[in-house]
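Trainee: I'm passing along input15.pdb; it holds PDB, C-alpha atoms, pLDDT in the B column.
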```
ATOM      1  CA  MET A   1       0.000   0.000   0.000  1.00 48.00           C
ATOM      2  CA  ILE A   2       1.446   3.350  -0.990  1.00 56.00           C
ATOM      3  CA  HIS A   3       0.793   6.469   1.054  1.00 66.00           C
ATOM      4  CA  LEU A   4       0.053   9.878  -0.335  1.00 73.00           C
ATOM      5  CA  SER A   5       3.265  11.882  -0.185  1.00 79.00           C
ATOM      6  CA  VAL A   6       3.093  15.682  -0.314  1.00 85.00           C
ATOM      7  CA  ILE A   7       6.477  15.895  -2.069  1.00 83.00           C
ATOM      8  CA  ALA A   8       5.372  13.371  -4.735  1.00 80.00           C
ATOM      9  CA  LEU A   9       2.155  15.364  -5.162  1.00 87.00           C
ATOM     10  CA  LEU A  10       4.096  18.621  -5.535  1.00 90.00           C
ATOM     11  CA  ILE A  11       6.507  17.073  -8.093  1.00 87.00           C
ATOM     12  CA  ARG A  12       3.491  15.867 -10.105  1.00 85.00           C
ATOM     13  CA  PHE A  13       1.795  19.263  -9.958  1.00 91.00           C
ATOM     14  CA  LEU A  14       4.974  21.019 -11.134  1.00 91.00           C
ATOM     15  CA  LEU A  15       5.752  18.461 -13.871  1.00 86.00           C
ATOM     16  CA  GLY A  16       2.149  18.462 -15.169  1.00 86.00           C
ATOM     17  CA  GLY A  17       2.000  22.260 -15.178  1.00 89.00           C
ATOM     18  CA  VAL A  18       5.435  22.718 -16.765  1.00 89.00           C
ATOM     19  CA  ALA A  19       4.689  20.067 -19.445  1.00 84.00           C
ATOM     20  CA  VAL A  20       1.469  21.815 -20.522  1.00 84.00           C
ATOM     21  CA  VAL A  21       3.065  25.301 -20.439  1.00 88.00           C
ATOM     22  CA  ALA A  22       6.163  24.090 -22.340  1.00 86.00           C
ATOM     23  CA  CYS A  23       4.131  22.580 -25.179  1.00 81.00           C
ATOM     24  CA  THR A  24       1.995  25.744 -25.314  1.00 81.00           C
ATOM     25  CA  ILE A  25       5.148  27.851 -25.743  1.00 86.00           C
ATOM     26  CA  VAL A  26       6.547  25.485 -28.417  1.00 83.00           C
ATOM     27  CA  ALA A  27       3.147  25.591 -30.178  1.00 78.00           C
ATOM     28  CA  LYS A  28       3.045  29.396 -30.184  1.00 81.00           C
ATOM     29  CA  LYS A  29       6.693  29.944 -31.159  1.00 84.00           C
ATOM     30  CA  SER A  30       6.700  27.512 -34.101  1.00 80.00           C
ATOM     31  CA  GLY A  31       4.878  27.944 -37.376  1.00 74.00           C
ATOM     32  CA  GLU A  32       1.162  27.259 -37.716  1.00 70.00           C
ATOM     33  CA  LYS A  33       1.564  23.615 -38.755  1.00 74.00           C
ATOM     34  CA  VAL A  34       4.136  22.555 -36.134  1.00 78.00           C
ATOM     35  CA  GLY A  35       2.253  24.690 -33.603  1.00 75.00           C
ATOM     36  CA  GLY A  36      -0.979  22.808 -34.236  1.00 72.00           C
ATOM     37  CA  ILE A  37       0.793  19.475 -33.776  1.00 80.00           C
ATOM     38  CA  PHE A  38       2.417  20.513 -30.493  1.00 80.00           C
ATOM     39  CA  ALA A  39      -0.810  22.049 -29.178  1.00 74.00           C
ATOM     40  CA  ALA A  40      -2.136  18.487 -29.069  1.00 80.00           C
ATOM     41  CA  PHE A  41       0.922  17.001 -27.315  1.00 84.00           C
ATOM     42  CA  PRO A  42      -0.332  14.464 -24.719  1.00 88.00           C
ATOM     43  CA  ALA A  43       1.513  16.341 -21.942  1.00 84.00           C
ATOM     44  CA  VAL A  44      -0.633  15.289 -18.990  1.00 85.00           C
ATOM     45  CA  TYR A  45      -0.456  11.580 -19.914  1.00 89.00           C
ATOM     46  CA  LEU A  46       3.326  11.651 -20.355  1.00 89.00           C
ATOM     47  CA  ALA A  47       3.816  13.617 -17.118  1.00 86.00           C
ATOM     48  CA  ALA A  48       1.652  11.060 -15.275  1.00 87.00           C
ATOM     49  CA  LEU A  49       3.635   8.196 -16.865  1.00 90.00           C
ATOM     50  CA  LEU A  50       7.001   9.753 -15.947  1.00 88.00           C
ATOM     51  CA  THR A  51       5.960  10.388 -12.339  1.00 85.00           C
ATOM     52  CA  ILE A  52       5.061   6.686 -11.900  1.00 86.00           C
ATOM     53  CA  GLY A  53       8.815   6.165 -12.437  1.00 85.00           C
ATOM     54  CA  ILE A  54       9.464   8.031  -9.166  1.00 82.00           C
ATOM     55  CA  ASP A  55       7.540   5.520  -7.043  1.00 80.00           C
ATOM     56  CA  PHE A  56       7.938   2.233  -8.893  1.00 85.00           C
ATOM     57  CA  HIS A  57      10.766   0.257 -10.464  1.00 87.00           C
ATOM     58  CA  GLY A  58      11.157  -2.907 -12.544  1.00 88.00           C
ATOM     59  CA  GLY A  59       8.121  -5.122 -13.087  1.00 90.00           C
ATOM     60  CA  LYS A  60       5.858  -3.042 -10.824  1.00 91.00           C
ATOM     61  CA  LEU A  61       6.684   0.067 -12.879  1.00 93.00           C
ATOM     62  CA  VAL A  62       5.701  -1.740 -16.101  1.00 94.00           C
ATOM     63  CA  SER A  63       2.426  -3.108 -14.636  1.00 93.00           C
ATOM     64  CA  GLN A  64       1.422   0.292 -13.160  1.00 91.00           C
ATOM     65  CA  SER A  65       2.220   1.976 -16.504  1.00 94.00           C
ATOM     66  CA  ILE A  66       0.046  -0.597 -18.317  1.00 94.00           C
ATOM     67  CA  ILE A  67      -2.881   0.177 -15.957  1.00 92.00           C
ATOM     68  CA  LEU A  68      -2.438   3.934 -16.507  1.00 92.00           C
ATOM     69  CA  SER A  69      -2.142   3.504 -20.290  1.00 95.00           C
ATOM     70  CA  LYS A  70      -5.292   1.346 -20.465  1.00 93.00           C
ATOM     71  CA  GLY A  71      -7.218   4.116 -18.696  1.00 92.00           C
ATOM     72  CA  ALA A  72      -5.622   6.779 -20.888  1.00 93.00           C
ATOM     73  CA  PHE A  73      -6.658   4.821 -24.019  1.00 94.00           C
ATOM     74  CA  PHE A  74     -10.290   5.073 -22.935  1.00 93.00           C
ATOM     75  CA  GLY A  75      -9.635   8.678 -21.847  1.00 93.00           C
ATOM     76  CA  MET A  76      -8.362   9.672 -25.308  1.00 93.00           C
ATOM     77  CA  ALA A  77     -11.335   7.934 -26.979  1.00 94.00           C
ATOM     78  CA  ILE A  78     -13.679   9.884 -24.668  1.00 94.00           C
ATOM     79  CA  ASN A  79     -11.779  13.073 -25.582  1.00 92.00           C
ATOM     80  CA  ILE A  80     -12.371  12.510 -29.321  1.00 93.00           C
ATOM     81  CA  PHE A  81     -16.103  12.205 -28.561  1.00 94.00           C
ATOM     82  CA  VAL A  82     -16.053  15.294 -26.278  1.00 93.00           C
ATOM     83  CA  ALA A  83     -14.148  17.364 -28.885  1.00 92.00           C
ATOM     84  CA  ILE A  84     -16.705  16.434 -31.587  1.00 94.00           C
ATOM     85  CA  LEU A  85     -19.515  17.232 -29.117  1.00 95.00           C
ATOM     86  CA  ALA A  86     -17.923  20.594 -28.238  1.00 94.00           C
ATOM     87  CA  GLY A  87     -17.569  21.466 -31.944  1.00 93.00           C
ATOM     88  CA  TRP A  88     -21.305  20.831 -32.373  1.00 95.00           C
ATOM     89  CA  LEU A  89     -22.458  22.343 -29.055  1.00 94.00           C
ATOM     90  CA  LEU A  90     -20.431  25.580 -28.927  1.00 94.00           C
ATOM     91  CA  PRO A  91     -22.000  27.355 -31.922  1.00 95.00           C
ATOM     92  CA  LYS A  92     -25.476  26.340 -30.695  1.00 95.00           C
ATOM     93  CA  ILE A  93     -25.371  27.580 -27.096  1.00 95.00           C
ATOM     94  CA  GLY A  94     -22.292  29.808 -26.950  1.00 94.00           C
ATOM     95  CA  TRP A  95     -18.759  28.924 -25.819  1.00 93.00           C
ATOM     96  CA  LYS A  96     -19.323  29.311 -22.052  1.00 94.00           C
ATOM     97  CA  LYS A  97     -22.366  27.037 -21.723  1.00 95.00           C
ATOM     98  CA  GLY A  98     -20.992  24.819 -24.498  1.00 95.00           C
ATOM     99  CA  ILE A  99     -17.693  24.036 -22.759  1.00 94.00           C
ATOM    100  CA  ILE A 100     -19.410  23.524 -19.370  1.00 95.00           C
ATOM    101  CA  ASN A 101     -21.861  21.048 -20.952  1.00 96.00           C
ATOM    102  CA  ALA A 102     -19.046  19.306 -22.839  1.00 95.00           C
ATOM    103  CA  MET A 103     -17.024  18.888 -19.614  1.00 94.00           C
ATOM    104  CA  VAL A 104     -20.063  17.568 -17.720  1.00 95.00           C
ATOM    105  CA  CYS A 105     -20.510  15.029 -20.543  1.00 96.00           C
ATOM    106  CA  TRP A 106     -16.788  14.158 -20.270  1.00 93.00           C
ATOM    107  CA  PHE A 107     -17.251  13.403 -16.573  1.00 91.00           C
ATOM    108  CA  ILE A 108     -20.458  11.359 -17.004  1.00 94.00           C
ATOM    109  CA  VAL A 109     -19.042   9.314 -19.906  1.00 95.00           C
ATOM    110  CA  SER A 110     -15.833   8.694 -17.894  1.00 92.00           C
ATOM    111  CA  ILE A 111     -17.814   7.377 -14.914  1.00 90.00           C
ATOM    112  CA  VAL A 112     -19.894   5.126 -17.216  1.00 92.00           C
ATOM    113  CA  VAL A 113     -16.696   3.768 -18.832  1.00 91.00           C
ATOM    114  CA  VAL A 114     -15.181   3.086 -15.387  1.00 89.00           C
ATOM    115  CA  TYR A 115     -18.374   1.279 -14.297  1.00 89.00           C
ATOM    116  CA  VAL A 116     -18.600  -0.792 -17.491  1.00 90.00           C
ATOM    117  CA  THR A 117     -14.914  -1.780 -17.533  1.00 86.00           C
ATOM    118  CA  THR A 118     -14.819  -2.547 -13.788  1.00 84.00           C
ATOM    119  CA  TYR A 119     -18.095  -4.365 -13.151  1.00 83.00           C
ATOM    120  CA  LEU A 120     -19.154  -5.824 -16.485  1.00 74.00           C
ATOM    121  CA  HIS A 121     -15.801  -7.302 -17.363  1.00 64.00           C
TER
ATOM    122  CA  MET B   1       2.553  35.777 -24.525  1.00 62.00           C
ATOM    123  CA  ASN B   2      -0.403  36.149 -22.136  1.00 78.00           C
ATOM    124  CA  LYS B   3       0.787  35.383 -18.579  1.00 85.00           C
ATOM    125  CA  GLN B   4      -2.734  34.636 -17.345  1.00 83.00           C
ATOM    126  CA  ASP B   5      -3.155  32.080 -20.143  1.00 81.00           C
ATOM    127  CA  LEU B   6       0.116  30.317 -19.228  1.00 87.00           C
ATOM    128  CA  PHE B   7      -0.753  30.351 -15.521  1.00 90.00           C
ATOM    129  CA  MET B   8      -4.150  28.754 -16.166  1.00 86.00           C
ATOM    130  CA  ARG B   9      -2.568  26.049 -18.305  1.00 85.00           C
ATOM    131  CA  PHE B  10       0.041  25.431 -15.588  1.00 90.00           C
ATOM    132  CA  VAL B  11      -2.656  25.052 -12.902  1.00 91.00           C
ATOM    133  CA  LEU B  12      -4.883  22.810 -15.063  1.00 86.00           C
ATOM    134  CA  GLY B  13      -2.002  20.589 -16.221  1.00 85.00           C
ATOM    135  CA  GLY B  14      -0.650  20.299 -12.677  1.00 89.00           C
ATOM    136  CA  THR B  15      -4.100  19.567 -11.233  1.00 89.00           C
ATOM    137  CA  ALA B  16      -4.823  16.837 -13.796  1.00 84.00           C
ATOM    138  CA  VAL B  17      -1.533  15.005 -13.070  1.00 83.00           C
ATOM    139  CA  SER B  18      -1.943  15.444  -9.280  1.00 87.00           C
ATOM    140  CA  LEU B  19      -5.541  14.190  -9.427  1.00 84.00           C
ATOM    141  CA  SER B  20      -4.539  11.086 -11.373  1.00 80.00           C
ATOM    142  CA  TYR B  21      -1.928  10.382  -8.636  1.00 80.00           C
ATOM    143  CA  ILE B  22      -4.435  10.868  -5.772  1.00 85.00           C
ATOM    144  CA  ILE B  23      -6.874   8.562  -7.605  1.00 82.00           C
ATOM    145  CA  THR B  24      -4.115   5.928  -8.083  1.00 76.00           C
ATOM    146  CA  VAL B  25      -3.482   5.932  -4.326  1.00 79.00           C
ATOM    147  CA  PHE B  26      -7.035   6.027  -2.959  1.00 83.00           C
ATOM    148  CA  SER B  27      -9.535   4.871  -5.592  1.00 82.00           C
ATOM    149  CA  PRO B  28     -10.375   1.191  -6.079  1.00 82.00           C
ATOM    150  CA  TRP B  29     -11.097   1.966  -9.754  1.00 82.00           C
ATOM    151  CA  LYS B  30      -7.584   2.032 -11.195  1.00 82.00           C
ATOM    152  CA  ILE B  31      -8.815   2.889 -14.687  1.00 86.00           C
ATOM    153  CA  LEU B  32     -10.115   6.260 -13.394  1.00 87.00           C
ATOM    154  CA  ALA B  33      -6.522   7.465 -12.872  1.00 86.00           C
ATOM    155  CA  GLY B  34      -5.761   6.829 -16.539  1.00 87.00           C
ATOM    156  CA  ILE B  35      -8.884   8.667 -17.648  1.00 89.00           C
ATOM    157  CA  PHE B  36      -7.769  11.671 -15.552  1.00 85.00           C
ATOM    158  CA  ALA B  37      -4.278  11.353 -17.058  1.00 84.00           C
ATOM    159  CA  ALA B  38      -5.940  11.965 -20.434  1.00 87.00           C
ATOM    160  CA  PHE B  39      -7.884  14.978 -19.079  1.00 84.00           C
ATOM    161  CA  PRO B  40      -8.204  17.394 -22.018  1.00 84.00           C
ATOM    162  CA  ALA B  41      -6.413  20.230 -20.158  1.00 80.00           C
ATOM    163  CA  VAL B  42      -4.837  21.698 -23.285  1.00 78.00           C
ATOM    164  CA  MET B  43      -8.154  21.769 -25.210  1.00 82.00           C
ATOM    165  CA  LEU B  44     -10.073  23.164 -22.226  1.00 85.00           C
ATOM    166  CA  THR B  45      -7.709  26.087 -21.578  1.00 81.00           C
ATOM    167  CA  ALA B  46      -7.407  26.828 -25.296  1.00 82.00           C
ATOM    168  CA  ILE B  47     -11.225  27.003 -25.673  1.00 87.00           C
ATOM    169  CA  ILE B  48     -11.617  29.190 -22.552  1.00 87.00           C
ATOM    170  CA  MET B  49      -8.837  31.587 -23.583  1.00 83.00           C
ATOM    171  CA  VAL B  50      -9.936  31.880 -27.235  1.00 85.00           C
ATOM    172  CA  GLY B  51     -13.571  32.154 -26.069  1.00 90.00           C
ATOM    173  CA  ILE B  52     -12.744  35.121 -23.795  1.00 89.00           C
ATOM    174  CA  ALA B  53     -10.540  36.832 -26.396  1.00 87.00           C
ATOM    175  CA  SER B  54     -12.343  36.147 -29.692  1.00 88.00           C
ATOM    176  CA  GLY B  55     -15.780  34.636 -29.008  1.00 90.00           C
ATOM    177  CA  THR B  56     -17.709  31.489 -29.863  1.00 92.00           C
ATOM    178  CA  LYS B  57     -16.785  31.111 -33.558  1.00 92.00           C
ATOM    179  CA  LYS B  58     -13.032  30.857 -32.996  1.00 88.00           C
ATOM    180  CA  ALA B  59     -13.516  28.724 -29.852  1.00 89.00           C
ATOM    181  CA  THR B  60     -15.550  26.282 -31.988  1.00 91.00           C
ATOM    182  CA  ASN B  61     -12.664  26.058 -34.482  1.00 87.00           C
ATOM    183  CA  ILE B  62     -10.325  25.106 -31.606  1.00 86.00           C
ATOM    184  CA  ALA B  63     -12.730  22.348 -30.493  1.00 88.00           C
ATOM    185  CA  LYS B  64     -13.055  20.976 -34.035  1.00 86.00           C
ATOM    186  CA  GLY B  65      -9.282  21.141 -34.587  1.00 84.00           C
ATOM    187  CA  SER B  66      -8.540  19.326 -31.334  1.00 86.00           C
ATOM    188  CA  VAL B  67     -10.292  16.164 -32.632  1.00 88.00           C
ATOM    189  CA  TYR B  68      -7.220  15.520 -34.822  1.00 86.00           C
ATOM    190  CA  GLY B  69      -4.903  16.048 -31.856  1.00 86.00           C
ATOM    191  CA  MET B  70      -6.845  13.507 -29.798  1.00 89.00           C
ATOM    192  CA  ILE B  71      -6.362  10.934 -32.585  1.00 91.00           C
ATOM    193  CA  GLY B  72      -2.586  11.518 -32.264  1.00 91.00           C
ATOM    194  CA  GLY B  73      -2.986  11.021 -28.499  1.00 92.00           C
ATOM    195  CA  ILE B  74      -4.729   7.676 -28.951  1.00 94.00           C
ATOM    196  CA  VAL B  75      -1.903   6.533 -31.288  1.00 95.00           C
ATOM    197  CA  CYS B  76       0.648   7.490 -28.602  1.00 95.00           C
ATOM    198  CA  VAL B  77      -1.188   5.683 -25.779  1.00 96.00           C
ATOM    199  CA  THR B  78      -1.841   2.554 -27.895  1.00 96.00           C
ATOM    200  CA  THR B  79       1.843   2.378 -28.883  1.00 97.00           C
ATOM    201  CA  VAL B  80       3.029   2.702 -25.267  1.00 96.00           C
ATOM    202  CA  LEU B  81       0.466   0.107 -24.134  1.00 96.00           C
ATOM    203  CA  LEU B  82       1.357  -2.486 -26.797  1.00 96.00           C
ATOM    204  CA  SER B  83       5.094  -1.892 -26.428  1.00 96.00           C
ATOM    205  CA  LEU B  84       4.921  -2.253 -22.612  1.00 95.00           C
ATOM    206  CA  LYS B  85       3.078  -5.558 -22.995  1.00 95.00           C
ATOM    207  CA  GLU B  86       5.485  -6.856 -25.658  1.00 95.00           C
ATOM    208  CA  THR B  87       8.889  -5.641 -24.452  1.00 94.00           C
ATOM    209  CA  GLU B  88       8.246  -4.744 -20.774  1.00 92.00           C
ATOM    210  CA  ASN B  89      10.854  -2.024 -21.376  1.00 94.00           C
ATOM    211  CA  TRP B  90       9.561   1.219 -19.844  1.00 94.00           C
ATOM    212  CA  ILE B  91      11.921   3.761 -21.451  1.00 94.00           C
ATOM    213  CA  LEU B  92      11.788   2.078 -24.887  1.00 96.00           C
ATOM    214  CA  SER B  93       7.952   2.043 -24.754  1.00 96.00           C
ATOM    215  CA  ILE B  94       7.657   5.745 -23.889  1.00 95.00           C
ATOM    216  CA  SER B  95      10.202   6.681 -26.591  1.00 95.00           C
ATOM    217  CA  THR B  96       8.390   4.581 -29.229  1.00 96.00           C
ATOM    218  CA  GLY B  97       5.088   6.172 -28.136  1.00 96.00           C
ATOM    219  CA  LEU B  98       6.553   9.661 -28.623  1.00 93.00           C
ATOM    220  CA  VAL B  99       8.029   8.849 -32.055  1.00 95.00           C
ATOM    221  CA  LEU B 100       4.731   7.361 -33.283  1.00 95.00           C
ATOM    222  CA  TRP B 101       2.807  10.309 -31.785  1.00 92.00           C
ATOM    223  CA  LEU B 102       4.964  12.688 -33.861  1.00 91.00           C
ATOM    224  CA  LEU B 103       4.690  10.592 -37.060  1.00 94.00           C
ATOM    225  CA  SER B 104       0.905  10.151 -36.756  1.00 93.00           C
ATOM    226  CA  SER B 105       0.428  13.855 -35.954  1.00 90.00           C
ATOM    227  CA  ILE B 106       2.417  14.843 -39.080  1.00 90.00           C
ATOM    228  CA  ALA B 107       0.386  12.348 -41.160  1.00 92.00           C
ATOM    229  CA  ILE B 108      -2.928  13.671 -39.747  1.00 89.00           C
ATOM    230  CA  SER B 109      -1.823  17.262 -40.335  1.00 85.00           C
ATOM    231  CA  ASN B 110      -0.886  16.464 -43.975  1.00 88.00           C
ATOM    232  CA  LEU B 111      -4.199  14.673 -44.578  1.00 88.00           C
ATOM    233  CA  LYS B 112      -6.035  17.670 -43.112  1.00 82.00           C
ATOM    234  CA  ASP B 113      -4.136  20.035 -45.459  1.00 81.00           C
ATOM    235  CA  ARG B 114      -4.888  17.825 -48.471  1.00 86.00           C
ATOM    236  CA  ALA B 115      -8.606  17.690 -47.557  1.00 82.00           C
ATOM    237  CA  GLY B 116      -8.577  21.486 -47.153  1.00 79.00           C
ATOM    238  CA  ARG B 117      -6.945  21.986 -50.597  1.00 82.00           C
ATOM    239  CA  LYS B 118      -9.442  19.606 -52.210  1.00 81.00           C
ATOM    240  CA  ALA B 119     -12.357  21.550 -50.715  1.00 79.00           C
ATOM    241  CA  LEU B 120     -10.792  24.816 -51.932  1.00 76.00           C
ATOM    242  CA  GLY B 121     -10.327  23.364 -55.453  1.00 80.00           C
ATOM    243  CA  HIS B 122     -13.962  22.267 -55.449  1.00 74.00           C
ATOM    244  CA  ILE B 123     -15.128  25.777 -54.494  1.00 71.00           C
ATOM    245  CA  LYS B 124     -12.952  27.272 -57.306  1.00 71.00           C
ATOM    246  CA  LYS B 125     -14.473  24.806 -59.831  1.00 71.00           C
ATOM    247  CA  ILE B 126     -17.989  25.822 -58.808  1.00 67.00           C
ATOM    248  CA  GLY B 127     -16.898  29.480 -59.128  1.00 66.00           C
ATOM    249  CA  ASN B 128     -15.639  28.878 -62.715  1.00 65.00           C
ATOM    250  CA  PHE B 129     -18.947  27.376 -63.806  1.00 59.00           C
ATOM    251  CA  GLN B 130     -20.952  30.323 -62.553  1.00 54.00           C
TER
END
```
Take the structure I supplied and represent it as structure tokens, if you would.

Mentor:
Amino acid sequence: MIHLSVIALLIRFLLGGVAVVACTIVAKKSGEKVGGIFAAFPAVYLAALLTIGIDFHGGKLVSQSIILSKGAFFGMAINIFVAILAGWLLPKIGWKKGIINAMVCWFIVSIVVVYVTTYLH
Amino acid sequence: MNKQDLFMRFVLGGTAVSLSYIITVFSPWKILAGIFAAFPAVMLTAIIMVGIASGTKKATNIAKGSVYGMIGGIVCVTTVLLSLKETENWILSISTGLVLWLLSSIAISNLKDRAGRKALGHIKKIGNFQ
């Protein structure tokens, strides 16, 4: 059983934040095409994967990374759905309500996916 | 570059990674941590910032454009997942995931450009007939 460590939490917060900010800066500094590619860099996933390396080593590191990646696979699939939904919803009800509704849908779909994959396996 | 924009991205990115860690430690549903690791922090901040600065129309374009980025993300995660299962080599799997993310993103971007040019050519053709 691992315990929640404040230092590990802080490292994750910093790494996650820096990863997202760094790819934003790369996206803005490069040309339109390269910028668009880097704007979609999976920064949060990679930061989460790298921080597992702080706590685990060897076989445990590989098995924990597999669990995280399985979840992230479903997460990315949900994101494709949410992005399509946002593209359809935003012009209809405005960007503020649109993004709130899209994020609520993201949360509900995520919970449903967790339920289905955990209990109906 | 807008400092407020960067700060918001920093907070959202940091929160998403921290949350996925807290969930890994406490939640019995391990898959939830992965879903939070794929939290669309970059898309969310981009839509909010563009929405505030330029309104709904441009924010919609960001949402539509991010669909392609998410496809690149799924390629990256799938590569890491398959490579981890096959090789059990952590560093090799992450590196392969990154390389395939870059290659698939370039391919998607090129396909998008080609589709855009085709649509433009079609509009020009219609224009010539009129």

Trainee: Between chain A and chain B, at 7 Å or less, what are the per-residue closest atom pairs and their distances in Å? Count only C-alpha atoms, order by chain and rising residue number, and return it as a tab-separated table.

Mentor:
```
residue	atom	partner	partner_atom	distance
A:Ile2	CA	B:Val25	CA	6.5
A:His3	CA	B:Val25	CA	6.9
A:Leu4	CA	B:Val25	CA	6.6
A:Leu9	CA	B:Ser18	CA	5.8
A:Arg12	CA	B:Ser18	CA	5.5
A:Phe13	CA	B:Gly14	CA	3.8
A:Leu14	CA	B:Gly14	CA	5.9
A:Leu15	CA	B:Gly14	CA	6.8
A:Gly16	CA	B:Gly14	CA	4.2
A:Gly17	CA	B:Phe10	CA	3.7
A:Val18	CA	B:Phe10	CA	6.2
A:Val20	CA	B:Gly13	CA	5.7
A:Val21	CA	B:Phe10	CA	5.7
A:Ile37	CA	B:Ser105	CA	6.0
A:Ala40	CA	B:Gly69	CA	4.6
A:Pro42	CA	B:Gly73	CA	5.8
A:Val44	CA	B:Ala37	CA	5.7
A:Tyr45	CA	B:Ala37	CA	4.8
A:Ala47	CA	B:Val17	CA	6.9
A:Ala48	CA	B:Val17	CA	5.5
A:Val62	CA	B:Glu88	CA	6.1
A:Ile66	CA	B:Leu81	CA	5.9
A:Ile67	CA	B:Ile31	CA	6.6
A:Leu68	CA	B:Gly34	CA	4.4
A:Ser69	CA	B:Leu81	CA	5.8
A:Lys70	CA	B:Gly34	CA	6.8
A:Gly71	CA	B:Gly34	CA	3.8
A:Ala72	CA	B:Gly34	CA	4.4
A:Phe73	CA	B:Val77	CA	5.8
A:Phe74	CA	B:Ile35	CA	6.5
A:Gly75	CA	B:Ile35	CA	4.3
A:Met76	CA	B:Ile74	CA	5.5
A:Ala77	CA	B:Ile74	CA	6.9
A:Asn79	CA	B:Met70	CA	6.5
A:Ile80	CA	B:Val67	CA	5.4
A:Ala83	CA	B:Ala63	CA	5.4
A:Ile84	CA	B:Lys64	CA	6.3
A:Ala86	CA	B:Ala63	CA	5.9
A:Gly87	CA	B:Lys64	CA	5.0
A:Leu90	CA	B:Thr60	CA	5.8
A:Pro91	CA	B:Thr56	CA	6.3
A:Gly94	CA	B:Thr56	CA	5.7
A:Trp95	CA	B:Thr56	CA	4.9
A:Ser110	CA	B:Ile35	CA	7.0
A:Val114	CA	B:Leu32	CA	6.3
```

Trainee: Rounded to one decimal place, report the CA of Met49 (chain B)-CA of Asn2 (chain B) distance in Å.

Mentor: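 CA of Asn2 (chain B) lies at a distance of 9.7 Å from CA of Met49 (chain B).
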
Trainee: Could you check how far CA of Gly31 (chain A) sits from CA of Ala53 (chain B), in Å to one decimal?

Mentor: 20.9 Å

Trainee: What is the CA of Leu10 (chain A) to CA of Ala39 (chain A) distance in Å?

Mentor: 24.4 Å

Trainee: When distances are computed from all atoms listed in the file, which of B:Leu100, B:Ser95, B:Lys3, B:Ile123 shows the smallest separation from Leu49 (chain A)?

Mentor: B:Ser95

Trainee: Could you put an axis-aligned box around every listed atom of region 65-77 of chain A, padded by 3 Å on each side, and send me its centre and edge lengths in Å to one decimal, as lines of an AutoDock Vina configuration file?

Mentor:
```
center_x = -4.6
center_y = 4.5
center_z = -21.5
size_x = 19.6
size_y = 16.3
size_z = 17.0
```
